[in-house]
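Worksheet: the structure to be examined is printed underneath.
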Amino acid sequence: MVRTFFAALGLALPVGALVFLSGFGTTLQSEPNGEPKGAAATSEHPFGPGAVPFDDFRESVEGSSKPVRGGRLVVHIPSRPLHLNHVIEAGADARRILEEVHARLVERNMETWELEPSLAESIEVFDRLNFLPSKGGSASSVYGREVYGSHAKFAWLPIEWSLPDDPSSSEETPPTISFFNDGDYESVDSASVFLFRLRQDALWHDGHRFDAGDVIFTLDTYLNPAVQSEHARHLFQQIRSYEALDAYTVRVEFEQSYFMSLDIFEDDFAILPSHIFNLADEDNPHFDSEATDAERAEFIHSNSANVNWVGLGPYRVTEFSDQHIEAERFDNYFDKQDAGWVDEIRWRIIPDDNAAKQALLAGEIDFFGRLRSRELLGEFTAQEAFAEQFDKGFYYSPQMNFIAWNQRRALFRDVRVRQALAHSFDWQEFIDTIGSEMGEAVTATWYRFSPAYDAELERFPFDLDRAEELLAESGWFDRDGDGVIDKDGERFEFEYLFNKNDATMRLVGQKLKENLERIGIVMNMAERDFAAKQALVGERNFDAAAGSWILGPETDPVGLWHSKGADVERSFNQSGYRDERSDQLIEDIQGELDDNRRIPLYHELQARIYEAQPMMFGCVFPVKFAVSKRVRGVQRFFLDPGYSLRRWFILPKAEKR
Amino acid sequence: MIRFALRRLGLLIPTLFGISILVFALMHLVPGDPAALVGVDSDGAVSANVDASAQVAGFRERYLFDLPLWKQYLHYVGPFNLSDDGHPWFGGSGEDRWNGLLALDFGREFLRPQVDVGSELWRRLSITLPLTAMALLLAYLISIPLGIYSAVRAGSLFDKTSALVVFALYALPTFWIGLLLQMSFGRTGLDSLPTLGLASPDAMDLDTGARVLDRLAHLVLPVLTYALGCLAYLSRQVRSGMLEVIGAEYVRTARAKGLPEFNVISKHAFRNSLLPLITLFGAVLPSLVGGSIVVETIFDIPGMGLYVYESLLRREYNAIMAAVLIGAVMTVVGMLTSDLLYAWLDPRIRLEGGSSDA
Amino acid sequence: MSSLLCVQDLVVRLGSSSSSANSGAAVVDGASLRLEPGEALALVGESGCGKSTLLAALVDLLPPTMRRTSGEVRFDNRDLTLLDPKVRRRTLGREIGVVFQEPTRSLNPVLSIGEQVAEVLRCHLGLAKRAAWTRSVELLDEVGIEQPDLRARNFPHQLSGGMNQRVAIAIAIACSPRLLLVDEPTTALDVTVQKEILELFRRLRADHEMALLFVSHDLAVVQDHVDRACVMYAGRIVESAPVRELFEHPQHPYTRGLLDCRPSRGEPHQRLFEIGGTVPTVGSVPTGCGFHPRCDYREARCAEELPTCESERAARSVACFYPLDDSGLREASTEGGPE
Ligand SMILES: Nc1ncnc2c1ncn2[C@@H]1O[C@H](COP(=O)(O)OP(=O)(O)OP(=O)(O)O)[C@@H](O)[C@H]1O
Ligand code: SF4
Ligand SMILES: [Mg+2]
């Protein structure tokens, strides 16, 4: 998890303050000799955080596993990214590409799931807690300081402590220091200050030097009301102030301590080159110091660099066409250890899966991530054209599907009704038939394989008798003998809204409809295109709506489950769930900076929400992929995007095609 | 005839406005915001940490979606800003760079704001037009002789087999034809033709000649698929038109004149049988620019068909409007062309009257 | 010297060419006639009796719904249907000119009339484009079209029916054929135009020395312009005689009936006499003599046996068991007329 060994005072206090000083873990980095090395740690769950071996899904591995430079990798993506400017849009395909053509202040280690310094060479975090002594007296402040550095991953220090000169010494067992006794103080507020010390050797792909100005400009952009960045703006609105202390130091102060305040600088913070996008930058050929917010926004929106991307990653975009996006190795990439093996990466865009499979069999693509379970296990991958060229495998990515019940409608107000519905669908059978036994039924809207998820929580079993019982208890049974249960003269009839291109949720609907028919409920299928479905759900003009969430390794539950979103149009609290205890738990999670301490909070929240069944919790299916035998160094990560192209290399003998 | 054409073209402008009002209203009445597509992957899964309500609200404000529809329409047509806080006329104030349809500004896309709809349409047209033109040409080149021959030999074995083949083609969805062609000529079959896209990924590295060949090779299967799709209809149309004409008195006269059979068919019969075909031309022109979603999907060609389809899914109102308007222009021009052709081929029709009875 | 055109026992039946030999109702049933070079022959009969069909069969241009099942048509002693298509094409249009019924419909609506004339000239006489045009203007002039050079550029729909008739004739005579077949060229035209057209034929025959087969439903119209006439009834030729004799002494009761239908001079449009009953339609021609249900002179035999013309070579022939004598009466009539 994010800041595993970070024990902030806010948590430490009530239980007797403990402060750690810790050096942490090994990192996975290619050693200078080019031999990649996996992390040593093991994890509880096979798909959770932990070491990921290379090429383990292959039946046999021939040839050397020593990476070599050169060659071209062709990776399939299923839709044309709108552009690569992540500030104004957050599409999944663009993110996959940015993974290699861009760099971030902090990067997530795909094995440990931890954030690590990247463009920010080191990050110092000051978590300030203001105390009010419970026995009276004046308030005082204590600062905690956390350092994410390139050698000592991070460390927690009292303010007066400084980083040891010799980084290796920090790997020793941290001293434990007690500050306070239980009950002496209560926390009144907290705040975090981030000090990003930027690398001085990072270059934009056009050769321009990266510096604090780019970071400040990007923050400006996220917060510029005229920019189309509302999807992420709320994250940056938690920032009280930000400034560049010098050309390579950025100070960011948050209003409050927030458990994901560093995370937002990973996933959601796409740094824009100021000299290209900033009208007020003197290095910009269109420099205009008087530009208004709207003009600056317009300049960003219509900028051709949105597609002709200039980034900071190990690969440089050379072509952005309808057919493919092409990138070549950028020799000036700052992290020489992890700078990529292949010379070129081509993301081949083929929206039609059948067409893409044709191209796959024809050997035109090296990686295809949209196999179906039946194909993975059946004839498709058994055929010679496939078996000769490809290996197959799967990985999970943080997603889940669901059916939201609109609790604003009388039909779904009674929890017994919603529980009855939960009893009416056999997810395991669905996974066994549709997913060929690959997939996991879930009970929460957080990632099935993250520590936050409580796998012990029991699902409502498929049990139509129990469902009928529950319905009868809440007053729903067939009074008039027409085969449909009723109450107060109303029949139990509702509409199941789903995206017409979503084959999975269509099948779920069909099966659910059959089951419900048997217990006297009429469910009508209502298919809409995605935008229309989303609009109806957003206006809360629906009975039941199918959908699926793309999650993170950890996702703030506030958007989905806090009652403050229940009455806000288009918020993601689609079912209108409100529960005081849940609100409290969510707020606690947000303020809890200790990863381990958040787990029980998540588990309790999970149980509460699951019991209330605001939605029917669906399942997560793995991503089933095919990868060319000529490609090596492939690791399956259980986080998006599931693979790291910069680690892949091409077997020399197979390279010529 | 020129006056007729001018008058017809003059009618185009009110027609276009009528259509634009209709489509504008319809488009906005269909539920769905372009902003809903932010943070969505290709399968419709939504990023759970996106702030959708702020995103949609921002969009609606930025693009004036909350104004009454008539104000939005006026804003679309010209640079009339009718929002409560704006000036009645403006331009160049920096608040809004929109020039309006009257200035032939088709605007930008919402989700890909770097894309200018006008130039994108032009780009897509330059992909679709050659393809559909070649396909239709091919379809006509095959279906005309085929239809004529079937009509001349009505009831013969040739006629019957060709009818069978043509009906089979008609019944087979274009989608199947495309896949069949891909499988037979692609790498998994004869390995003789490329099956995806309009050019090899490495076409940039080729010299001009090779690049042209490469492009042509890529066009073969899509053109064939598209052509086969309309072939059945066209050849049946030619056949029935021809059959009607072949029994006509003047064809018998032509035979009685002792003219060679080829002459009888091509000069006397065909020219008259063309007349009903010309009416089709009004429909052909819009389909030239419309492309085919199916063909473009199977062969991964980013043409007009897909553009319109994607725009509809994404509620890219500006793109939809522009495409519809171009389609409308092409329809009107197509109808005008067919009237003019009719008049050219059939001296009985006079166009000076203004209204057409064709 | 043999006849120019000799038709023997021609049978035309309904049904496409692939139908079996004797299936389908007969539209023309055993017609025989002959035409000497330069001779003018009228073929007369009521509407629907098969005149046009016979004419089409002569040039082998039957509609696809009919076919010739037996009999012979010899032009210049050659059977047209058996000829090599190329040779036949050279005969049609060049040696045989045809003017079909309804001139407006038999002209191509999308070609100028000049072109329609000129194309025959180019095809058969090998004239060059310009020469063919000049000649076609001359021909149009010849058939009595005023301002032929302007008219040549007109399309059929711009001309009156009479004009189109002339154009059709111009096409037919363009190569000075030896035989001209014309189908009701005067029907639907007003009397003055009728006269002009008939005069035109007379002049053409004099100038070009051609034989003429003139189809009409009105004997009176053609009587002054032809040498002989054949009377057709229900697909059969029932009487054939030099026109004057036919007029003065019709032998077949049907011919007699036809002549009595003629409008008298004073009241041109009033029929003085009607033949009772209705014309049989194709397929419902009665057995025996096809005319017997309507015949005032029928006997029992008439309903069973088919009377035939003795010989088409004879100057005069009639297909009737009880032909009328010169006084127009039958020797012994034992039965009354039809009910
Ligand atoms: N294309 C055709 N197919 C079938 N039957 C036809 C066709 N044309 C004519 N007939 C029929 O054949 C019979 C003879 O027709 P035909 O045209 O030869 O008569 P006609 O004597 O020329 O009559 P009219 O004076 O009206 O021209 C008529 O009963 C007619 O209904
Ligand atoms: S054969 Fe008999 S029925 Fe026929 S016309 Fe002569 S008399 Fe009349
Ligand atoms: Mg006739």
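Quick note on naming: the chains in the structure tokens go A, B, ... in the order shown, residues restart at 1 in each chain, and ligands are numbered from 1 in order of appearance.
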
Return as a PyMOL selection string the full set of residues in region 155-356 of chain A whose backbone-based DSSP assignment is strand (DSSP E or B).
chain A and resi 155-158+177+185-198+203+209+239-246+249-254+315-320+324-329+344-349

Please, could you write that set of residues out with N, CA and C atoms as a compact mmCIF listing (two decimals), in the first residue's frame?
```
# COMPACT_ATOMS: atom_id res chain seq x y z
N ALA A 155 11.28 7.55 4.89
CA ALA A 155 11.63 7.48 6.30
C ALA A 155 10.77 8.47 7.04
N TRP A 156 10.50 8.18 8.21
CA TRP A 156 9.67 9.06 9.04
C TRP A 156 10.55 9.63 10.12
N LEU A 157 10.64 10.91 10.19
CA LEU A 157 11.56 11.56 11.11
C LEU A 157 10.85 12.65 11.88
N PRO A 158 11.16 12.81 13.13
CA PRO A 158 10.73 14.04 13.81
C PRO A 158 11.41 15.21 13.11
N ILE A 177 10.24 5.59 19.03
CA ILE A 177 10.28 6.72 19.97
C ILE A 177 8.88 6.99 20.48
N TYR A 185 -3.30 14.20 24.75
CA TYR A 185 -3.65 15.21 23.76
C TYR A 185 -4.72 14.68 22.84
N GLU A 186 -5.44 15.60 22.27
CA GLU A 186 -6.28 15.17 21.15
C GLU A 186 -5.91 16.02 19.93
N SER A 187 -5.99 15.35 18.79
CA SER A 187 -5.61 16.04 17.56
C SER A 187 -6.74 16.98 17.18
N VAL A 188 -6.42 18.19 16.78
CA VAL A 188 -7.47 19.09 16.33
C VAL A 188 -7.45 19.27 14.82
N ASP A 189 -6.31 19.33 14.25
CA ASP A 189 -6.30 19.30 12.77
C ASP A 189 -4.94 18.86 12.30
N SER A 190 -4.90 18.60 11.02
CA SER A 190 -3.64 18.14 10.47
C SER A 190 -3.48 18.73 9.08
N ALA A 191 -2.29 18.83 8.63
CA ALA A 191 -2.05 19.31 7.28
C ALA A 191 -0.77 18.69 6.77
N SER A 192 -0.65 18.64 5.44
CA SER A 192 0.57 18.05 4.88
C SER A 192 1.23 19.04 3.96
N VAL A 193 2.53 19.08 4.05
CA VAL A 193 3.31 19.89 3.12
C VAL A 193 4.24 18.96 2.37
N PHE A 194 4.19 19.06 1.05
CA PHE A 194 5.08 18.23 0.23
C PHE A 194 6.17 19.10 -0.34
N LEU A 195 7.37 18.62 -0.23
CA LEU A 195 8.49 19.33 -0.83
C LEU A 195 9.07 18.41 -1.89
N PHE A 196 8.78 18.72 -3.13
CA PHE A 196 9.29 17.88 -4.22
C PHE A 196 10.63 18.44 -4.67
N ARG A 197 11.68 17.62 -4.52
CA ARG A 197 12.97 18.02 -5.08
C ARG A 197 13.11 17.32 -6.42
N LEU A 198 13.11 18.14 -7.48
CA LEU A 198 13.05 17.58 -8.83
C LEU A 198 14.42 17.20 -9.33
N LEU A 203 14.95 15.67 -19.30
CA LEU A 203 14.72 16.49 -20.49
C LEU A 203 13.40 16.12 -21.14
N ARG A 209 14.71 21.54 -21.01
CA ARG A 209 14.95 20.99 -19.68
C ARG A 209 13.68 21.06 -18.83
N ILE A 239 -5.51 21.46 -2.39
CA ILE A 239 -4.24 22.12 -2.15
C ILE A 239 -4.49 23.56 -1.70
N ARG A 240 -3.82 23.93 -0.59
CA ARG A 240 -4.01 25.28 -0.08
C ARG A 240 -3.13 26.25 -0.86
N SER A 241 -1.91 25.82 -1.07
CA SER A 241 -1.00 26.70 -1.83
C SER A 241 0.11 25.87 -2.44
N TYR A 242 0.69 26.42 -3.51
CA TYR A 242 1.85 25.76 -4.10
C TYR A 242 2.78 26.81 -4.67
N GLU A 243 4.06 26.52 -4.64
CA GLU A 243 5.03 27.49 -5.17
C GLU A 243 6.32 26.79 -5.51
N ALA A 244 7.07 27.41 -6.39
CA ALA A 244 8.40 26.89 -6.70
C ALA A 244 9.38 27.61 -5.79
N LEU A 245 10.06 26.86 -4.95
CA LEU A 245 11.04 27.49 -4.05
C LEU A 245 12.30 27.85 -4.83
N ASP A 246 12.66 27.02 -5.75
CA ASP A 246 13.71 27.37 -6.71
C ASP A 246 13.41 26.58 -7.97
N THR A 249 12.67 22.91 -6.95
CA THR A 249 11.97 22.53 -5.73
C THR A 249 10.56 23.11 -5.75
N VAL A 250 9.61 22.22 -5.54
CA VAL A 250 8.22 22.67 -5.51
C VAL A 250 7.64 22.35 -4.15
N ARG A 251 6.98 23.35 -3.58
CA ARG A 251 6.35 23.15 -2.30
C ARG A 251 4.84 23.17 -2.50
N VAL A 252 4.18 22.12 -1.98
CA VAL A 252 2.73 22.02 -2.11
C VAL A 252 2.16 21.80 -0.74
N GLU A 253 1.22 22.66 -0.37
CA GLU A 253 0.62 22.50 0.95
C GLU A 253 -0.86 22.15 0.82
N PHE A 254 -1.21 21.02 1.46
CA PHE A 254 -2.61 20.57 1.44
C PHE A 254 -3.36 21.17 2.62
N TYR A 315 10.25 6.65 -24.00
CA TYR A 315 9.94 6.59 -25.43
C TYR A 315 9.33 7.90 -25.87
N ARG A 316 9.66 8.27 -27.10
CA ARG A 316 9.26 9.56 -27.64
C ARG A 316 8.26 9.32 -28.78
N VAL A 317 7.11 9.96 -28.72
CA VAL A 317 6.10 9.75 -29.77
C VAL A 317 6.60 10.34 -31.08
N THR A 318 6.59 9.50 -32.12
CA THR A 318 7.01 10.00 -33.43
C THR A 318 5.85 10.10 -34.39
N GLU A 319 4.79 9.33 -34.12
CA GLU A 319 3.66 9.39 -35.03
C GLU A 319 2.38 9.10 -34.27
N PHE A 320 1.37 9.90 -34.55
CA PHE A 320 0.06 9.68 -33.94
C PHE A 320 -0.94 9.65 -35.07
N HIS A 324 -2.02 3.83 -35.88
CA HIS A 324 -1.13 3.49 -34.78
C HIS A 324 -0.48 4.72 -34.19
N ILE A 325 0.06 4.48 -33.01
CA ILE A 325 0.87 5.50 -32.37
C ILE A 325 2.25 4.90 -32.24
N GLU A 326 3.23 5.66 -32.69
CA GLU A 326 4.55 5.09 -32.72
C GLU A 326 5.48 5.91 -31.85
N ALA A 327 6.36 5.19 -31.15
CA ALA A 327 7.32 5.89 -30.30
C ALA A 327 8.67 5.22 -30.44
N GLU A 328 9.71 6.04 -30.39
CA GLU A 328 11.05 5.47 -30.46
C GLU A 328 11.76 5.74 -29.14
N ARG A 329 12.79 4.96 -28.90
CA ARG A 329 13.49 5.06 -27.65
C ARG A 329 14.13 6.45 -27.54
N GLU A 344 11.73 0.58 -30.70
CA GLU A 344 10.48 1.24 -31.08
C GLU A 344 9.31 0.52 -30.46
N ILE A 345 8.32 1.27 -30.07
CA ILE A 345 7.05 0.67 -29.65
C ILE A 345 5.98 1.22 -30.57
N ARG A 346 5.19 0.30 -31.09
CA ARG A 346 4.07 0.76 -31.90
C ARG A 346 2.79 0.26 -31.26
N TRP A 347 1.92 1.20 -30.91
CA TRP A 347 0.60 0.82 -30.41
C TRP A 347 -0.32 0.76 -31.61
N ARG A 348 -0.73 -0.44 -31.92
CA ARG A 348 -1.55 -0.64 -33.10
C ARG A 348 -3.01 -0.55 -32.66
N ILE A 349 -3.73 0.38 -33.30
CA ILE A 349 -5.12 0.61 -32.90
C ILE A 349 -6.04 -0.19 -33.82
```

Hey, what's within 12 Å of Asp141 (chain C) if we count only C-alpha atoms and toss same-chain stuff fewer than 5 positions away? As a list in words, please?
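Near Asp141 (chain C), the qualifying residues are Gly114, Val117, Thr134, Arg135, Ser136, Glu146, Gln147, Pro148, Asp149, Leu150, Arg151, Ala152, Met163, Arg166, Val167, Ile169, Ala170, Ala174 and Leu200 of chain C.
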
Once you count only C-alpha atoms and all ligand atoms, which residues end up within 8 Å of ligand 3, and could you hand them over as number ranges by chain?
C: 47-48, 50-53, 101, 183-184, 215

Taking N, CA, C and O atoms for each residue, export the selection above as a compact mmCIF listing (two decimals), in the first residue's frame.
```txt
# COMPACT_ATOMS: atom_id res chain seq x y z
N SER C 47 -59.97 -5.49 -85.24
CA SER C 47 -58.92 -5.35 -84.23
C SER C 47 -58.77 -6.64 -83.44
O SER C 47 -59.75 -7.28 -83.06
N GLY C 48 -57.55 -7.06 -83.25
CA GLY C 48 -57.29 -8.24 -82.43
C GLY C 48 -57.30 -9.54 -83.20
O GLY C 48 -57.12 -10.60 -82.62
N GLY C 50 -55.13 -10.56 -85.29
CA GLY C 50 -53.80 -11.13 -85.45
C GLY C 50 -52.99 -10.54 -86.59
O GLY C 50 -51.95 -11.07 -86.97
N LYS C 51 -53.41 -9.41 -87.11
CA LYS C 51 -52.71 -8.80 -88.24
C LYS C 51 -51.28 -8.40 -87.87
O LYS C 51 -50.32 -8.75 -88.55
N SER C 52 -51.19 -7.68 -86.79
CA SER C 52 -49.87 -7.20 -86.37
C SER C 52 -48.97 -8.37 -86.03
O SER C 52 -47.76 -8.35 -86.30
N THR C 53 -49.56 -9.38 -85.44
CA THR C 53 -48.78 -10.55 -85.08
C THR C 53 -48.24 -11.22 -86.34
O THR C 53 -47.07 -11.60 -86.40
N GLN C 101 -47.15 -0.48 -86.04
CA GLN C 101 -48.30 0.28 -85.57
C GLN C 101 -47.83 1.31 -84.54
O GLN C 101 -46.80 1.12 -83.92
N ASP C 183 -48.03 -1.17 -90.81
CA ASP C 183 -49.10 -1.62 -89.92
C ASP C 183 -49.97 -0.44 -89.52
O ASP C 183 -49.53 0.43 -88.78
N GLU C 184 -51.17 -0.41 -90.06
CA GLU C 184 -52.13 0.63 -89.73
C GLU C 184 -51.51 2.02 -89.74
O GLU C 184 -51.53 2.73 -88.73
N VAL C 215 -51.29 -3.22 -93.69
CA VAL C 215 -52.21 -3.76 -92.71
C VAL C 215 -53.20 -2.69 -92.29
O VAL C 215 -52.80 -1.56 -92.03
```

Show me, as an NGL selection string, the residues of chain B whose atoms get within 8 Å of chain A, using only C-alpha atoms for the distance check.
:B and (30-34 or 36-56 or 58-59 or 62 or 94-95 or 111-115 or 186-188 or 196-197 or 201 or 297-300 or 302 or 313-315)

CA of Asp206 (chain A) sits from CA of Leu312 (chain A) at a separation of 9.3 Å

Go through chain B and flag each residue having an atom no more than 12 Å from ligand 1; for those, report the closest pair of atoms plus their distance in Å to one decimal, using only C-alpha atoms and all ligand atoms, ordered by chain and rising number, as a Markdown table.
```
| residue | atom | partner | partner_atom_place_in_ligand_line | distance |
| --- | --- | --- | --- | --- |
| B:Gly247 | CA | ligand 1 | 1 (N) | 8.8 |
| B:Ala248 | CA | ligand 1 | 1 (N) | 10.4 |
| B:Glu249 | CA | ligand 1 | 1 (N) | 10.6 |
| B:Arg252 | CA | ligand 1 | 1 (N) | 12.0 |
```

Dump as a compact mmCIF listing (two decimals), in the first residue's frame, selection limited to C-alpha atoms:
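Result written to again-v2.txt:
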```txt
# COMPACT_ATOMS: atom_id res chain seq x y z
CA GLY B 247 -39.84 -5.30 -74.94
CA ALA B 248 -40.48 -1.72 -75.99
CA GLU B 249 -41.71 -0.95 -79.49
CA ARG B 252 -38.30 -3.79 -81.99
```

What do you get as a list in words if you pick all residues at most 8 Å from ligand 2, counting only C-alpha atoms and all ligand atoms?
His252, Pro253, Tyr254, Gly288, Cys289, Gly290, Phe291, His292, Pro293, Arg294, Cys295, Asp296, Tyr297, Arg298, Glu299, Arg301, Cys302, Ala303, Leu306, Pro307, Ala319, Cys320, Phe321, Tyr322 and Pro323 of chain C

Using backbone DSSP assignments, extract all alpha helix (DSSP H) residues from region 9-175 of chain C; output them as a PDB file with C-alpha atoms, in the first residue's frame.
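Now in result-v5.pdb:
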```
ATOM      1  CA  LYS C  51     -52.712  -8.798 -88.243  1.00  0.00           C
ATOM      2  CA  SER C  52     -49.867  -7.203 -86.373  1.00  0.00           C
ATOM      3  CA  THR C  53     -48.783 -10.553 -85.084  1.00  0.00           C
ATOM      4  CA  LEU C  54     -48.641 -11.921 -88.573  1.00  0.00           C
ATOM      5  CA  LEU C  55     -46.631  -8.943 -89.666  1.00  0.00           C
ATOM      6  CA  ALA C  56     -44.200  -9.373 -86.792  1.00  0.00           C
ATOM      7  CA  ALA C  57     -43.867 -13.039 -87.618  1.00  0.00           C
ATOM      8  CA  LEU C  58     -42.953 -12.148 -91.173  1.00  0.00           C
ATOM      9  CA  PRO C  85     -28.359 -13.559 -88.084  1.00  0.00           C
ATOM     10  CA  LYS C  86     -25.917 -11.373 -89.969  1.00  0.00           C
ATOM     11  CA  VAL C  87     -27.542 -12.010 -93.291  1.00  0.00           C
ATOM     12  CA  ARG C  88     -30.949 -11.511 -91.807  1.00  0.00           C
ATOM     13  CA  ARG C  89     -29.858  -8.180 -90.376  1.00  0.00           C
ATOM     14  CA  ARG C  90     -28.692  -7.142 -93.801  1.00  0.00           C
ATOM     15  CA  THR C  91     -32.076  -8.030 -95.188  1.00  0.00           C
ATOM     16  CA  PRO C 103     -45.395   5.360 -84.703  1.00  0.00           C
ATOM     17  CA  THR C 104     -44.766   7.416 -81.604  1.00  0.00           C
ATOM     18  CA  ARG C 105     -44.064   4.429 -79.476  1.00  0.00           C
ATOM     19  CA  SER C 106     -41.959   2.750 -82.080  1.00  0.00           C
ATOM     20  CA  ILE C 113     -35.461  11.708 -85.445  1.00  0.00           C
ATOM     21  CA  GLY C 114     -32.677  12.657 -87.801  1.00  0.00           C
ATOM     22  CA  GLU C 115     -30.402  10.296 -85.997  1.00  0.00           C
ATOM     23  CA  GLN C 116     -32.964   7.543 -86.112  1.00  0.00           C
ATOM     24  CA  VAL C 117     -33.137   7.844 -89.862  1.00  0.00           C
ATOM     25  CA  ALA C 118     -29.454   8.358 -90.332  1.00  0.00           C
ATOM     26  CA  GLU C 119     -28.439   5.322 -88.362  1.00  0.00           C
ATOM     27  CA  VAL C 120     -30.096   3.006 -90.898  1.00  0.00           C
ATOM     28  CA  LYS C 129     -21.942  10.529 -90.420  1.00  0.00           C
ATOM     29  CA  ARG C 130     -22.472  13.772 -92.241  1.00  0.00           C
ATOM     30  CA  ALA C 131     -23.652  12.186 -95.466  1.00  0.00           C
ATOM     31  CA  ALA C 132     -26.103  10.070 -93.546  1.00  0.00           C
ATOM     32  CA  TRP C 133     -27.467  13.159 -91.866  1.00  0.00           C
ATOM     33  CA  THR C 134     -27.856  15.042 -95.126  1.00  0.00           C
ATOM     34  CA  ARG C 135     -29.583  12.097 -96.660  1.00  0.00           C
ATOM     35  CA  SER C 136     -31.865  11.679 -93.723  1.00  0.00           C
ATOM     36  CA  VAL C 137     -32.926  15.276 -94.034  1.00  0.00           C
ATOM     37  CA  GLU C 138     -33.714  14.581 -97.681  1.00  0.00           C
ATOM     38  CA  LEU C 139     -35.723  11.563 -96.702  1.00  0.00           C
ATOM     39  CA  LEU C 140     -37.680  13.538 -94.161  1.00  0.00           C
ATOM     40  CA  ASP C 141     -38.367  16.037 -96.850  1.00  0.00           C
ATOM     41  CA  GLU C 142     -39.434  13.269 -99.140  1.00  0.00           C
ATOM     42  CA  PRO C 148     -36.742  18.876 -92.444  1.00  0.00           C
ATOM     43  CA  ASP C 149     -33.335  20.261 -91.499  1.00  0.00           C
ATOM     44  CA  LEU C 150     -34.790  21.732 -88.335  1.00  0.00           C
ATOM     45  CA  ARG C 151     -37.124  18.868 -87.657  1.00  0.00           C
ATOM     46  CA  GLY C 161     -48.559  11.492 -84.488  1.00  0.00           C
ATOM     47  CA  GLY C 162     -48.802  12.100 -88.225  1.00  0.00           C
ATOM     48  CA  MET C 163     -45.321  13.516 -88.331  1.00  0.00           C
ATOM     49  CA  ASN C 164     -43.965  10.561 -86.421  1.00  0.00           C
ATOM     50  CA  GLN C 165     -45.717   8.274 -88.853  1.00  0.00           C
ATOM     51  CA  ARG C 166     -43.860   9.984 -91.645  1.00  0.00           C
ATOM     52  CA  VAL C 167     -40.615   9.637 -89.784  1.00  0.00           C
ATOM     53  CA  ALA C 168     -41.250   5.934 -89.302  1.00  0.00           C
ATOM     54  CA  ILE C 169     -41.925   5.664 -92.989  1.00  0.00           C
ATOM     55  CA  ALA C 170     -38.780   7.580 -93.805  1.00  0.00           C
ATOM     56  CA  ILE C 171     -36.836   5.105 -91.725  1.00  0.00           C
ATOM     57  CA  ALA C 172     -38.480   2.171 -93.451  1.00  0.00           C
ATOM     58  CA  ILE C 173     -37.833   3.446 -96.951  1.00  0.00           C
TER      59      ILE C 173
END
```

Pick from B:Ala199, B:Val220, B:Val251, B:Leu234: nearest to chain C, with only C-alpha atoms counted?
B:Val251

Taking only C-alpha atoms into account, report as a list in words which residues of chain B lie within 7 Å of chain C.
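Using only C-alpha atoms, chain B residues at most 7 Å from chain C: Glu249, Tyr250, Arg252, Thr253, Ala256, Lys257, Gly258, Leu259, His268, Leu345, Asp346, Pro347 and Arg348 of chain B.
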
Need to verify the contact set: Ala25 (chain C), 7 Å, only C-alpha atoms, exclusion of same-chain residues closer than 2 positions in sequence. Can you return it as a VMD selection string?
chain C and resid 13 to 14 23 27 282 to 283
